[in-house]
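Structure record follows, encoded as structure tokens.
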Amino acid sequence: MPSLKDLRNRIASVKATQKITKAMQMVAAAKLRRAQAAAEAARPYAERMSQVLSNLAGRLTPGPETPRLLAGTGSDRVHLLIVCTAERGLCGAFNSAIARLAREHATRLMSEGKTVKIFCVGKKGHDILRRQFPDQIIDFVELRSVRVLGFEHADMIAKKVLERFEAGEFDVATLFYSRFKSVISQIPTAQQIVPAEIGGNGGAATDAVYDYEPSENEILETLLPRNLTVQIFRALLENAASEQGARMTAMDNATRNAGDMIRRQTLTYNRTRQAMITKELIEIISGAEAL
């Protein structure tokens, strides 16, 4: 049985940890408001961009002039997985859920005889995936020093992806991130971005007829690379909101668990102390009677 001093030290240690988790919960709650607002503000632009591309693609006649970012390379032998995770932990299953989805996708592709390459954005995803796929990881971007995510960070990542695509290093690129739904719900998502997946109802929101100048091919040559950057930027913002939501929930659970542990340890401490006092009284009384 631990001594009273050990129990006191343990209670003090758990109380100190509880203060830390409570502070982290409050910080995550404050950051969540900004991150959620940024993610929700980016959604309409990304969705509208997809609608415009869908409208353009619907008017396009397939041919040799079709942009490669839309038509693809004509093969799907080499897949690039762009895995976006957080730079820090202590956010529950947020990072592991994204990495698990990417790992399952990579395992399925490799079982089909496809070649898989992994582009990690975020330290935690890189640390998880390099244990099983050390040879498949071809690039790694760390954003630990970035305080506020900007469009330039997504543009930097998109340029790296485009350079590899133009060099013929992959045929299909899939983006992995966590879509923010609520504080307690973040949805791991896989989105194909090369070749661009264009929905069939992208232009269904309006019956207007558009006449494009210059041609659809020229517009797509400009919009498709920008759409790639927009989708990556949206994924980074969704991840930032999901990370803070997951951290807020995880730290709240940790604070509650610390409180339960303190109550149990305090009860054990009081019982042990009472038992020791009772034992000392019995020894004193027995000694007095012996005299």
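Convention: chains lettered A, B, ... in structure tokens order; per-chain residue numbering from 1; ligands numbered from 1 as shown.
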
Per residue of range 102-161 of chain A within 10 Å of range 173-177 of chain A, record the nearest atom pair and its distance in Å to one decimal, counting only C-alpha atoms, with rows in chain order and ascending residue number, as CSV.
residue,atom,partner,partner_atom,distance
A:Ala102,CA,A:Phe176,CA,6.7
A:His105,CA,A:Thr174,CA,9.7
A:Val116,CA,A:Ala173,CA,10.0
A:Lys117,CA,A:Ala173,CA,9.3
A:Ile118,CA,A:Ala173,CA,9.6
A:Phe119,CA,A:Leu175,CA,9.5
A:Cys120,CA,A:Phe176,CA,9.7
A:Val121,CA,A:Phe176,CA,9.8
A:Val161,CA,A:Ala173,CA,8.5

Determine, for each residue of range 142-219 of chain A having at least one atom at most 12 Å from an atom of range 234-256 of chain A, the closest pair of atoms and their separation in Å to one decimal, counting only C-alpha atoms; order by chain and ascending number, as JSON lines.
{"residue": "A:Leu143", "atom": "CA", "partner": "A:Leu236", "partner_atom": "CA", "distance": 10.5}
{"residue": "A:Val146", "atom": "CA", "partner": "A:Ala240", "partner_atom": "CA", "distance": 11.7}
{"residue": "A:Arg147", "atom": "CA", "partner": "A:Ala240", "partner_atom": "CA", "distance": 11.0}
{"residue": "A:Val148", "atom": "CA", "partner": "A:Ala240", "partner_atom": "CA", "distance": 9.8}
{"residue": "A:Leu149", "atom": "CA", "partner": "A:Leu237", "partner_atom": "CA", "distance": 7.4}
{"residue": "A:Gly150", "atom": "CA", "partner": "A:Leu237", "partner_atom": "CA", "distance": 9.1}
{"residue": "A:Phe151", "atom": "CA", "partner": "A:Arg234", "partner_atom": "CA", "distance": 9.3}
{"residue": "A:Glu152", "atom": "CA", "partner": "A:Leu236", "partner_atom": "CA", "distance": 11.6}
{"residue": "A:His153", "atom": "CA", "partner": "A:Leu236", "partner_atom": "CA", "distance": 9.2}
{"residue": "A:Ala154", "atom": "CA", "partner": "A:Leu236", "partner_atom": "CA", "distance": 7.6}
{"residue": "A:Asp155", "atom": "CA", "partner": "A:Leu236", "partner_atom": "CA", "distance": 11.4}
{"residue": "A:Ile157", "atom": "CA", "partner": "A:Leu236", "partner_atom": "CA", "distance": 10.7}
{"residue": "A:Ala158", "atom": "CA", "partner": "A:Leu236", "partner_atom": "CA", "distance": 12.0}
{"residue": "A:Thr174", "atom": "CA", "partner": "A:Ala235", "partner_atom": "CA", "distance": 11.7}
{"residue": "A:Leu175", "atom": "CA", "partner": "A:Ala235", "partner_atom": "CA", "distance": 8.1}
{"residue": "A:Phe176", "atom": "CA", "partner": "A:Ala235", "partner_atom": "CA", "distance": 8.0}
{"residue": "A:Tyr177", "atom": "CA", "partner": "A:Ala235", "partner_atom": "CA", "distance": 5.9}
{"residue": "A:Ser178", "atom": "CA", "partner": "A:Asn239", "partner_atom": "CA", "distance": 5.4}
{"residue": "A:Arg179", "atom": "CA", "partner": "A:Glu238", "partner_atom": "CA", "distance": 5.3}
{"residue": "A:Phe180", "atom": "CA", "partner": "A:Ser242", "partner_atom": "CA", "distance": 4.9}
{"residue": "A:Lys181", "atom": "CA", "partner": "A:Ser242", "partner_atom": "CA", "distance": 7.9}
{"residue": "A:Ser182", "atom": "CA", "partner": "A:Gly245", "partner_atom": "CA", "distance": 7.3}
{"residue": "A:Val183", "atom": "CA", "partner": "A:Gly245", "partner_atom": "CA", "distance": 4.5}
{"residue": "A:Ile184", "atom": "CA", "partner": "A:Thr249", "partner_atom": "CA", "distance": 6.5}
{"residue": "A:Ser185", "atom": "CA", "partner": "A:Ala246", "partner_atom": "CA", "distance": 7.9}
{"residue": "A:Gln186", "atom": "CA", "partner": "A:Ser242", "partner_atom": "CA", "distance": 5.8}
{"residue": "A:Ile187", "atom": "CA", "partner": "A:Ser242", "partner_atom": "CA", "distance": 8.6}
{"residue": "A:Pro188", "atom": "CA", "partner": "A:Asn239", "partner_atom": "CA", "distance": 9.5}
{"residue": "A:Thr189", "atom": "CA", "partner": "A:Ala235", "partner_atom": "CA", "distance": 9.3}
{"residue": "A:Ala190", "atom": "CA", "partner": "A:Ala235", "partner_atom": "CA", "distance": 10.2}
{"residue": "A:Gln191", "atom": "CA", "partner": "A:Ala235", "partner_atom": "CA", "distance": 9.5}
{"residue": "A:Ile193", "atom": "CA", "partner": "A:Ala235", "partner_atom": "CA", "distance": 11.4}

Export N, CA and C atoms of the chosen residues as a CSV table (one decimal), in the first residue's frame?
chain,number,residue,atom,x,y,z
A,143,LEU,N,4.3,22.8,-41.2
A,143,LEU,CA,3.8,24.1,-41.0
A,143,LEU,C,3.7,24.5,-39.6
A,146,VAL,N,3.9,28.2,-38.7
A,146,VAL,CA,2.8,29.1,-39.3
A,146,VAL,C,1.7,29.3,-38.2
A,147,ARG,N,1.5,30.6,-37.9
A,147,ARG,CA,0.5,30.9,-36.9
A,147,ARG,C,-0.9,31.1,-37.5
A,148,VAL,N,-1.0,31.6,-38.7
A,148,VAL,CA,-2.3,31.8,-39.4
A,148,VAL,C,-2.1,31.2,-40.8
A,149,LEU,N,-2.9,30.2,-41.1
A,149,LEU,CA,-2.8,29.7,-42.4
A,149,LEU,C,-3.3,30.7,-43.5
A,150,GLY,N,-2.5,30.8,-44.6
A,150,GLY,CA,-2.9,31.7,-45.6
A,150,GLY,C,-2.9,31.0,-47.0
A,151,PHE,N,-3.5,31.7,-48.0
A,151,PHE,CA,-3.6,31.1,-49.3
A,151,PHE,C,-2.2,30.7,-49.9
A,152,GLU,N,-1.2,31.5,-49.4
A,152,GLU,CA,0.2,31.3,-50.0
A,152,GLU,C,0.7,29.9,-49.5
A,153,HIS,N,0.3,29.4,-48.4
A,153,HIS,CA,0.8,28.1,-47.9
A,153,HIS,C,0.2,27.0,-48.8
A,154,ALA,N,-1.1,27.1,-49.1
A,154,ALA,CA,-1.7,26.1,-50.0
A,154,ALA,C,-1.1,26.2,-51.4
A,155,ASP,N,-0.8,27.5,-51.8
A,155,ASP,CA,-0.3,27.6,-53.2
A,155,ASP,C,1.1,27.0,-53.3
A,157,ILE,N,2.1,24.3,-51.6
A,157,ILE,CA,1.9,22.9,-51.7
A,157,ILE,C,1.4,22.5,-53.1
A,158,ALA,N,0.5,23.3,-53.6
A,158,ALA,CA,-0.1,23.0,-54.9
A,158,ALA,C,1.0,23.1,-56.0
A,174,THR,N,-4.9,12.1,-54.7
A,174,THR,CA,-6.0,12.1,-53.8
A,174,THR,C,-5.7,12.9,-52.5
A,175,LEU,N,-6.5,13.8,-52.1
A,175,LEU,CA,-6.3,14.6,-50.9
A,175,LEU,C,-7.0,14.1,-49.7
A,176,PHE,N,-6.3,13.9,-48.6
A,176,PHE,CA,-6.9,13.4,-47.3
A,176,PHE,C,-6.9,14.5,-46.3
A,177,TYR,N,-8.0,14.7,-45.7
A,177,TYR,CA,-8.1,15.7,-44.6
A,177,TYR,C,-9.4,15.3,-43.8
A,178,SER,N,-9.6,16.1,-42.7
A,178,SER,CA,-10.8,15.9,-41.9
A,178,SER,C,-11.7,17.1,-42.0
A,179,ARG,N,-12.9,16.8,-42.5
A,179,ARG,CA,-13.9,17.8,-42.7
A,179,ARG,C,-14.6,18.2,-41.4
A,180,PHE,N,-14.7,19.4,-41.0
A,180,PHE,CA,-15.3,19.9,-39.8
A,180,PHE,C,-16.8,19.8,-39.9
A,181,LYS,N,-17.4,19.1,-38.9
A,181,LYS,CA,-18.9,19.1,-38.8
A,181,LYS,C,-19.3,19.8,-37.6
A,182,SER,N,-18.7,19.4,-36.4
A,182,SER,CA,-19.1,20.0,-35.2
A,182,SER,C,-17.9,19.8,-34.2
A,183,VAL,N,-18.0,20.3,-33.0
A,183,VAL,CA,-16.9,20.2,-32.0
A,183,VAL,C,-16.7,18.7,-31.7
A,184,ILE,N,-17.7,17.9,-31.7
A,184,ILE,CA,-17.5,16.5,-31.4
A,184,ILE,C,-17.5,15.6,-32.6
A,185,SER,N,-17.6,16.1,-33.8
A,185,SER,CA,-17.7,15.3,-35.0
A,185,SER,C,-16.8,15.9,-36.1
A,186,GLN,N,-15.7,15.1,-36.5
A,186,GLN,CA,-14.9,15.5,-37.6
A,186,GLN,C,-14.8,14.3,-38.5
A,187,ILE,N,-15.0,14.5,-39.8
A,187,ILE,CA,-15.2,13.4,-40.8
A,187,ILE,C,-13.9,13.3,-41.6
A,188,PRO,N,-13.2,12.2,-41.5
A,188,PRO,CA,-12.0,12.0,-42.4
A,188,PRO,C,-12.5,11.8,-43.8
A,189,THR,N,-11.9,12.6,-44.7
A,189,THR,CA,-12.4,12.7,-46.1
A,189,THR,C,-11.3,12.4,-47.1
A,190,ALA,N,-11.6,11.7,-48.2
A,190,ALA,CA,-10.7,11.5,-49.3
A,190,ALA,C,-11.3,12.2,-50.5
A,191,GLN,N,-10.5,13.1,-51.2
A,191,GLN,CA,-11.0,13.8,-52.3
A,191,GLN,C,-10.0,13.7,-53.5
A,193,ILE,N,-8.2,15.1,-56.5
A,193,ILE,CA,-8.0,16.4,-57.1
A,193,ILE,C,-7.3,16.4,-58.4

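Taking CA of Pro134 in chain A as the reference point, CA of Lys160 in chain A is found at 19.8 Å.
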
Write out as a PyMOL selection string all residues of range 6-183 of chain A that DSSP puts in helix (DSSP H, G or I) for this structure's backbone. chain A and resi 6-59+68-71+94-111+123-129+151-166

Going by DSSP on the backbone, which bits of range 184-278 of chain A are strand (DSSP E or B)? Write them as a VMD selection string, please. chain A and resid 185 to 194

So that I have them on file, write out the residues from the current selection with N, CA, C and O atoms, as a short mmCIF file (atom, residue, chain, number, x, y, z; two decimals), in the first residue's frame.
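Final file, selection.cif:
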data_model
loop_
_atom_site.label_atom_id
_atom_site.label_comp_id
_atom_site.auth_asym_id
_atom_site.auth_seq_id
_atom_site.Cartn_x
_atom_site.Cartn_y
_atom_site.Cartn_z
N SER A 185 -17.58 16.13 -33.80
CA SER A 185 -17.65 15.31 -35.01
C SER A 185 -16.77 15.90 -36.10
O SER A 185 -17.01 17.02 -36.57
N GLN A 186 -15.74 15.14 -36.49
CA GLN A 186 -14.88 15.50 -37.61
C GLN A 186 -14.82 14.29 -38.53
O GLN A 186 -14.60 13.17 -38.08
N ILE A 187 -15.03 14.51 -39.82
CA ILE A 187 -15.19 13.41 -40.77
C ILE A 187 -13.94 13.28 -41.63
O ILE A 187 -13.66 14.16 -42.46
N PRO A 188 -13.16 12.19 -41.49
CA PRO A 188 -12.02 11.96 -42.39
C PRO A 188 -12.51 11.83 -43.82
O PRO A 188 -13.45 11.08 -44.11
N THR A 189 -11.89 12.57 -44.74
CA THR A 189 -12.38 12.68 -46.11
C THR A 189 -11.25 12.42 -47.10
O THR A 189 -10.12 12.86 -46.89
N ALA A 190 -11.58 11.72 -48.18
CA ALA A 190 -10.66 11.52 -49.29
C ALA A 190 -11.27 12.16 -50.53
O ALA A 190 -12.41 11.85 -50.90
N GLN A 191 -10.53 13.07 -51.17
CA GLN A 191 -11.04 13.81 -52.32
C GLN A 191 -10.03 13.75 -53.45
O GLN A 191 -8.88 14.16 -53.28
N GLN A 192 -10.44 13.25 -54.60
CA GLN A 192 -9.55 13.21 -55.76
C GLN A 192 -9.45 14.60 -56.36
O GLN A 192 -10.46 15.23 -56.68
N ILE A 193 -8.23 15.08 -56.54
CA ILE A 193 -8.04 16.43 -57.09
C ILE A 193 -7.30 16.43 -58.41
O ILE A 193 -7.32 17.44 -59.13
N VAL A 194 -6.63 15.33 -58.76
CA VAL A 194 -5.99 15.19 -60.06
C VAL A 194 -6.23 13.77 -60.56
O VAL A 194 -5.83 12.82 -59.90
#

Determine, counting only C-alpha atoms, which protein, DNA and RNA residues have an atom within 12 Å of an atom of Tyr45 in chain A; residues of the same chain fewer than 6 positions away are not included. Present the result as a PyMOL selection string. chain A and resi 38-39+51-52+226-227+230-231+233-234

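Distances here use only C-alpha atoms; by that measure, the residue among A:Leu223, A:Ala106, A:Ala288, A:Val14 closest to Met49 in chain A is A:Leu223.
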
Test item: residues at most 8 Å from Leu69 in chain A, only C-alpha atoms, excluding those fewer than 5 positions along its chain, as a ChimeraX atom specification: /A:194-196,224-225

Go ahead and write the residues just picked, N, CA, C and O atoms, as a tab-separated table (two decimals), in the first residue's frame.
chain	number	residue	atom	x	y	z
A	194	VAL	N	-6.63	15.33	-58.76
A	194	VAL	CA	-5.99	15.19	-60.06
A	194	VAL	C	-6.23	13.77	-60.56
A	194	VAL	O	-5.83	12.82	-59.90
A	195	PRO	N	-6.87	13.60	-61.75
A	195	PRO	CA	-7.58	14.64	-62.49
A	195	PRO	C	-8.79	15.13	-61.71
A	195	PRO	O	-9.35	14.41	-60.89
A	196	ALA	N	-9.17	16.38	-61.96
A	196	ALA	CA	-10.24	17.00	-61.19
A	196	ALA	C	-11.55	16.24	-61.38
A	196	ALA	O	-11.92	15.90	-62.50
A	224	LEU	N	-7.99	25.44	-63.58
A	224	LEU	CA	-7.72	24.13	-62.98
A	224	LEU	C	-6.56	24.18	-61.98
A	224	LEU	O	-6.67	23.63	-60.87
A	225	PRO	N	-5.41	24.81	-62.30
A	225	PRO	CA	-4.36	24.92	-61.26
A	225	PRO	C	-4.83	25.72	-60.05
A	225	PRO	O	-4.48	25.39	-58.91

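Here CA of Val83 in chain A and CA of Thr115 in chain A stand 16.2 Å from one another.
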
Counting only C-alpha atoms, which residue out of A:Glu163, A:Glu216, A:Asp171, A:Glu40 sits closest to Gly74 in chain A? A:Asp171

What is the distance, in Å and to one decimal place, between CA of Ala258 in chain A and CA of Leu90 in chain A? 15.0 Å

Contact residues around Leu129 in chain A with only C-alpha atoms at 12 Å, ignoring same-chain residues under 6 positions, as a list in words: Leu81, Ile82, Val83, Cys84, Thr85, Asn95, Ser96, Ala97, Ile98, Ala99, Arg100, Leu101, Ala102, Arg103, Glu104, Ala106, Thr107, Lys117, Ile118, Phe119, Cys120, Val121, Gly122, Lys123, Asp135, Gln136, Ile137, Ile138 and Phe140 of chain A

Pick out the residues sitting within 12 Å of Ala71 in chain A, and hand them over as a short mmCIF file (atom, residue, chain, number, x, y, z; two decimals) with all heavy atoms, in the first residue's frame; count only C-alpha atoms, and ignore anything fewer than 3 positions along from it in its own chain.
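The resulting result_36.cif:
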data_model
loop_
_atom_site.label_atom_id
_atom_site.label_comp_id
_atom_site.auth_asym_id
_atom_site.auth_seq_id
_atom_site.Cartn_x
_atom_site.Cartn_y
_atom_site.Cartn_z
N ALA A 57 -16.65 22.25 -68.13
CA ALA A 57 -16.35 20.90 -68.59
C ALA A 57 -17.52 20.32 -69.36
O ALA A 57 -17.33 19.54 -70.30
CB ALA A 57 -16.01 20.00 -67.40
N LEU A 60 -17.35 21.32 -72.92
CA LEU A 60 -16.07 21.01 -73.57
C LEU A 60 -16.20 19.74 -74.40
O LEU A 60 -16.80 18.75 -73.99
CB LEU A 60 -14.99 20.83 -72.51
CG LEU A 60 -13.54 20.83 -72.98
CD1 LEU A 60 -13.15 22.17 -73.56
CD2 LEU A 60 -12.63 20.48 -71.81
N THR A 61 -15.61 19.77 -75.60
CA THR A 61 -15.56 18.58 -76.44
C THR A 61 -14.23 17.87 -76.19
O THR A 61 -13.16 18.47 -76.41
CB THR A 61 -15.66 18.96 -77.93
OG1 THR A 61 -16.89 19.67 -78.15
CG2 THR A 61 -15.62 17.72 -78.80
N PRO A 62 -14.26 16.62 -75.69
CA PRO A 62 -13.01 15.91 -75.39
C PRO A 62 -12.13 15.83 -76.63
O PRO A 62 -12.59 15.58 -77.74
CB PRO A 62 -13.49 14.52 -74.95
CG PRO A 62 -14.90 14.73 -74.50
CD PRO A 62 -15.45 15.81 -75.38
N GLY A 63 -10.85 16.07 -76.42
CA GLY A 63 -9.91 16.03 -77.52
C GLY A 63 -8.50 16.21 -77.02
O GLY A 63 -8.25 16.32 -75.82
N PRO A 64 -7.54 16.29 -77.93
CA PRO A 64 -6.13 16.43 -77.51
C PRO A 64 -5.84 17.75 -76.81
O PRO A 64 -4.84 17.87 -76.11
CB PRO A 64 -5.36 16.33 -78.84
CG PRO A 64 -6.37 16.67 -79.90
CD PRO A 64 -7.68 16.20 -79.38
N GLU A 65 -6.71 18.76 -77.02
CA GLU A 65 -6.49 20.06 -76.38
C GLU A 65 -7.06 20.13 -74.97
O GLU A 65 -6.89 21.14 -74.28
CB GLU A 65 -7.11 21.17 -77.24
CG GLU A 65 -6.46 21.32 -78.60
CD GLU A 65 -7.05 22.47 -79.38
OE1 GLU A 65 -8.01 23.09 -78.87
OE2 GLU A 65 -6.56 22.74 -80.49
N THR A 66 -7.74 19.07 -74.52
CA THR A 66 -8.30 19.06 -73.17
C THR A 66 -7.18 19.12 -72.14
O THR A 66 -6.21 18.35 -72.23
CB THR A 66 -9.14 17.79 -72.94
OG1 THR A 66 -10.16 17.73 -73.93
CG2 THR A 66 -9.78 17.81 -71.56
N PRO A 67 -7.25 20.02 -71.16
CA PRO A 67 -6.18 20.12 -70.15
C PRO A 67 -5.95 18.80 -69.43
O PRO A 67 -6.89 18.08 -69.10
CB PRO A 67 -6.72 21.19 -69.19
CG PRO A 67 -7.67 21.99 -70.00
CD PRO A 67 -8.30 21.03 -70.97
N ARG A 68 -4.68 18.48 -69.17
CA ARG A 68 -4.33 17.22 -68.54
C ARG A 68 -4.85 17.14 -67.10
O ARG A 68 -5.12 16.05 -66.60
CB ARG A 68 -2.82 17.01 -68.55
CG ARG A 68 -2.26 16.83 -69.95
CD ARG A 68 -0.76 16.69 -69.95
NE ARG A 68 -0.35 15.40 -69.43
CZ ARG A 68 0.42 15.24 -68.34
NH1 ARG A 68 0.82 16.29 -67.66
NH2 ARG A 68 0.75 14.03 -67.93
N GLY A 74 -4.43 9.36 -68.83
CA GLY A 74 -4.88 8.17 -69.54
C GLY A 74 -4.52 6.89 -68.82
O GLY A 74 -4.76 5.79 -69.32
N SER A 75 -3.94 7.02 -67.64
CA SER A 75 -3.55 5.85 -66.85
C SER A 75 -3.82 6.13 -65.38
O SER A 75 -4.02 7.28 -64.98
CB SER A 75 -2.06 5.54 -67.05
OG SER A 75 -1.63 4.49 -66.18
N ASP A 76 -3.87 5.08 -64.59
CA ASP A 76 -4.02 5.24 -63.13
C ASP A 76 -3.08 4.30 -62.40
O ASP A 76 -3.41 3.76 -61.34
CB ASP A 76 -5.47 4.98 -62.71
CG ASP A 76 -5.91 3.54 -62.96
OD1 ASP A 76 -5.24 2.84 -63.75
OD2 ASP A 76 -6.92 3.12 -62.37
N ASP A 171 -0.16 9.71 -61.73
CA ASP A 171 -1.32 9.82 -62.62
C ASP A 171 -2.55 10.35 -61.90
O ASP A 171 -3.36 11.08 -62.49
CB ASP A 171 -1.66 8.44 -63.21
CG ASP A 171 -0.49 7.85 -63.99
OD1 ASP A 171 0.08 8.57 -64.82
OD2 ASP A 171 -0.16 6.67 -63.75
N VAL A 172 -2.72 9.96 -60.64
CA VAL A 172 -3.90 10.34 -59.87
C VAL A 172 -3.44 10.86 -58.51
O VAL A 172 -2.56 10.28 -57.89
CB VAL A 172 -4.87 9.14 -59.67
CG1 VAL A 172 -6.09 9.57 -58.86
CG2 VAL A 172 -5.30 8.57 -61.01
N ILE A 193 -8.23 15.08 -56.54
CA ILE A 193 -8.04 16.43 -57.09
C ILE A 193 -7.30 16.43 -58.41
O ILE A 193 -7.32 17.44 -59.13
CB ILE A 193 -7.31 17.33 -56.07
CG1 ILE A 193 -5.98 16.70 -55.64
CG2 ILE A 193 -8.18 17.61 -54.86
CD1 ILE A 193 -5.16 17.60 -54.71
N VAL A 194 -6.63 15.33 -58.76
CA VAL A 194 -5.99 15.19 -60.06
C VAL A 194 -6.23 13.77 -60.56
O VAL A 194 -5.83 12.82 -59.90
CB VAL A 194 -4.46 15.45 -59.99
CG1 VAL A 194 -3.83 15.25 -61.37
CG2 VAL A 194 -4.16 16.84 -59.47
N PRO A 195 -6.87 13.60 -61.75
CA PRO A 195 -7.58 14.64 -62.49
C PRO A 195 -8.79 15.13 -61.71
O PRO A 195 -9.35 14.41 -60.89
CB PRO A 195 -8.00 13.93 -63.78
CG PRO A 195 -8.05 12.47 -63.41
CD PRO A 195 -6.98 12.27 -62.37
N ALA A 196 -9.17 16.38 -61.96
CA ALA A 196 -10.24 17.00 -61.19
C ALA A 196 -11.55 16.24 -61.38
O ALA A 196 -11.92 15.90 -62.50
CB ALA A 196 -10.41 18.46 -61.61
N GLU A 197 -12.21 15.95 -60.25
CA GLU A 197 -13.52 15.31 -60.31
C GLU A 197 -14.58 16.40 -60.47
O GLU A 197 -14.79 17.22 -59.58
CB GLU A 197 -13.78 14.50 -59.04
CG GLU A 197 -13.05 13.17 -59.02
CD GLU A 197 -13.51 12.29 -57.87
OE1 GLU A 197 -13.89 12.84 -56.82
OE2 GLU A 197 -13.49 11.07 -58.03
N ILE A 198 -15.25 16.39 -61.61
CA ILE A 198 -16.26 17.40 -61.90
C ILE A 198 -17.63 16.76 -61.78
O ILE A 198 -17.94 15.78 -62.47
CB ILE A 198 -16.09 18.00 -63.31
CG1 ILE A 198 -14.68 18.55 -63.46
CG2 ILE A 198 -17.13 19.07 -63.56
CD1 ILE A 198 -14.33 19.65 -62.50
N ASN A 217 -11.24 25.83 -73.22
CA ASN A 217 -9.93 25.22 -72.96
C ASN A 217 -8.96 26.21 -72.32
O ASN A 217 -8.26 25.88 -71.36
CB ASN A 217 -9.33 24.69 -74.26
CG ASN A 217 -9.91 23.35 -74.66
OD1 ASN A 217 -10.33 22.58 -73.80
ND2 ASN A 217 -9.95 23.07 -75.96
N LEU A 220 -10.01 26.89 -68.71
CA LEU A 220 -9.71 25.75 -67.84
C LEU A 220 -8.22 25.65 -67.56
O LEU A 220 -7.81 25.24 -66.47
CB LEU A 220 -10.21 24.45 -68.49
CG LEU A 220 -11.73 24.23 -68.42
CD1 LEU A 220 -12.12 23.03 -69.28
CD2 LEU A 220 -12.18 24.02 -66.98
N GLU A 221 -7.40 26.00 -68.53
CA GLU A 221 -5.94 25.97 -68.32
C GLU A 221 -5.54 26.88 -67.16
O GLU A 221 -4.58 26.63 -66.45
CB GLU A 221 -5.21 26.39 -69.60
CG GLU A 221 -5.23 25.36 -70.71
CD GLU A 221 -4.31 24.19 -70.46
OE1 GLU A 221 -3.60 24.20 -69.42
OE2 GLU A 221 -4.30 23.26 -71.27
N LEU A 224 -7.99 25.44 -63.58
CA LEU A 224 -7.72 24.13 -62.98
C LEU A 224 -6.56 24.18 -61.98
O LEU A 224 -6.67 23.63 -60.87
CB LEU A 224 -7.46 23.09 -64.07
CG LEU A 224 -8.72 22.59 -64.79
CD1 LEU A 224 -8.35 21.77 -66.02
CD2 LEU A 224 -9.59 21.77 -63.85
#
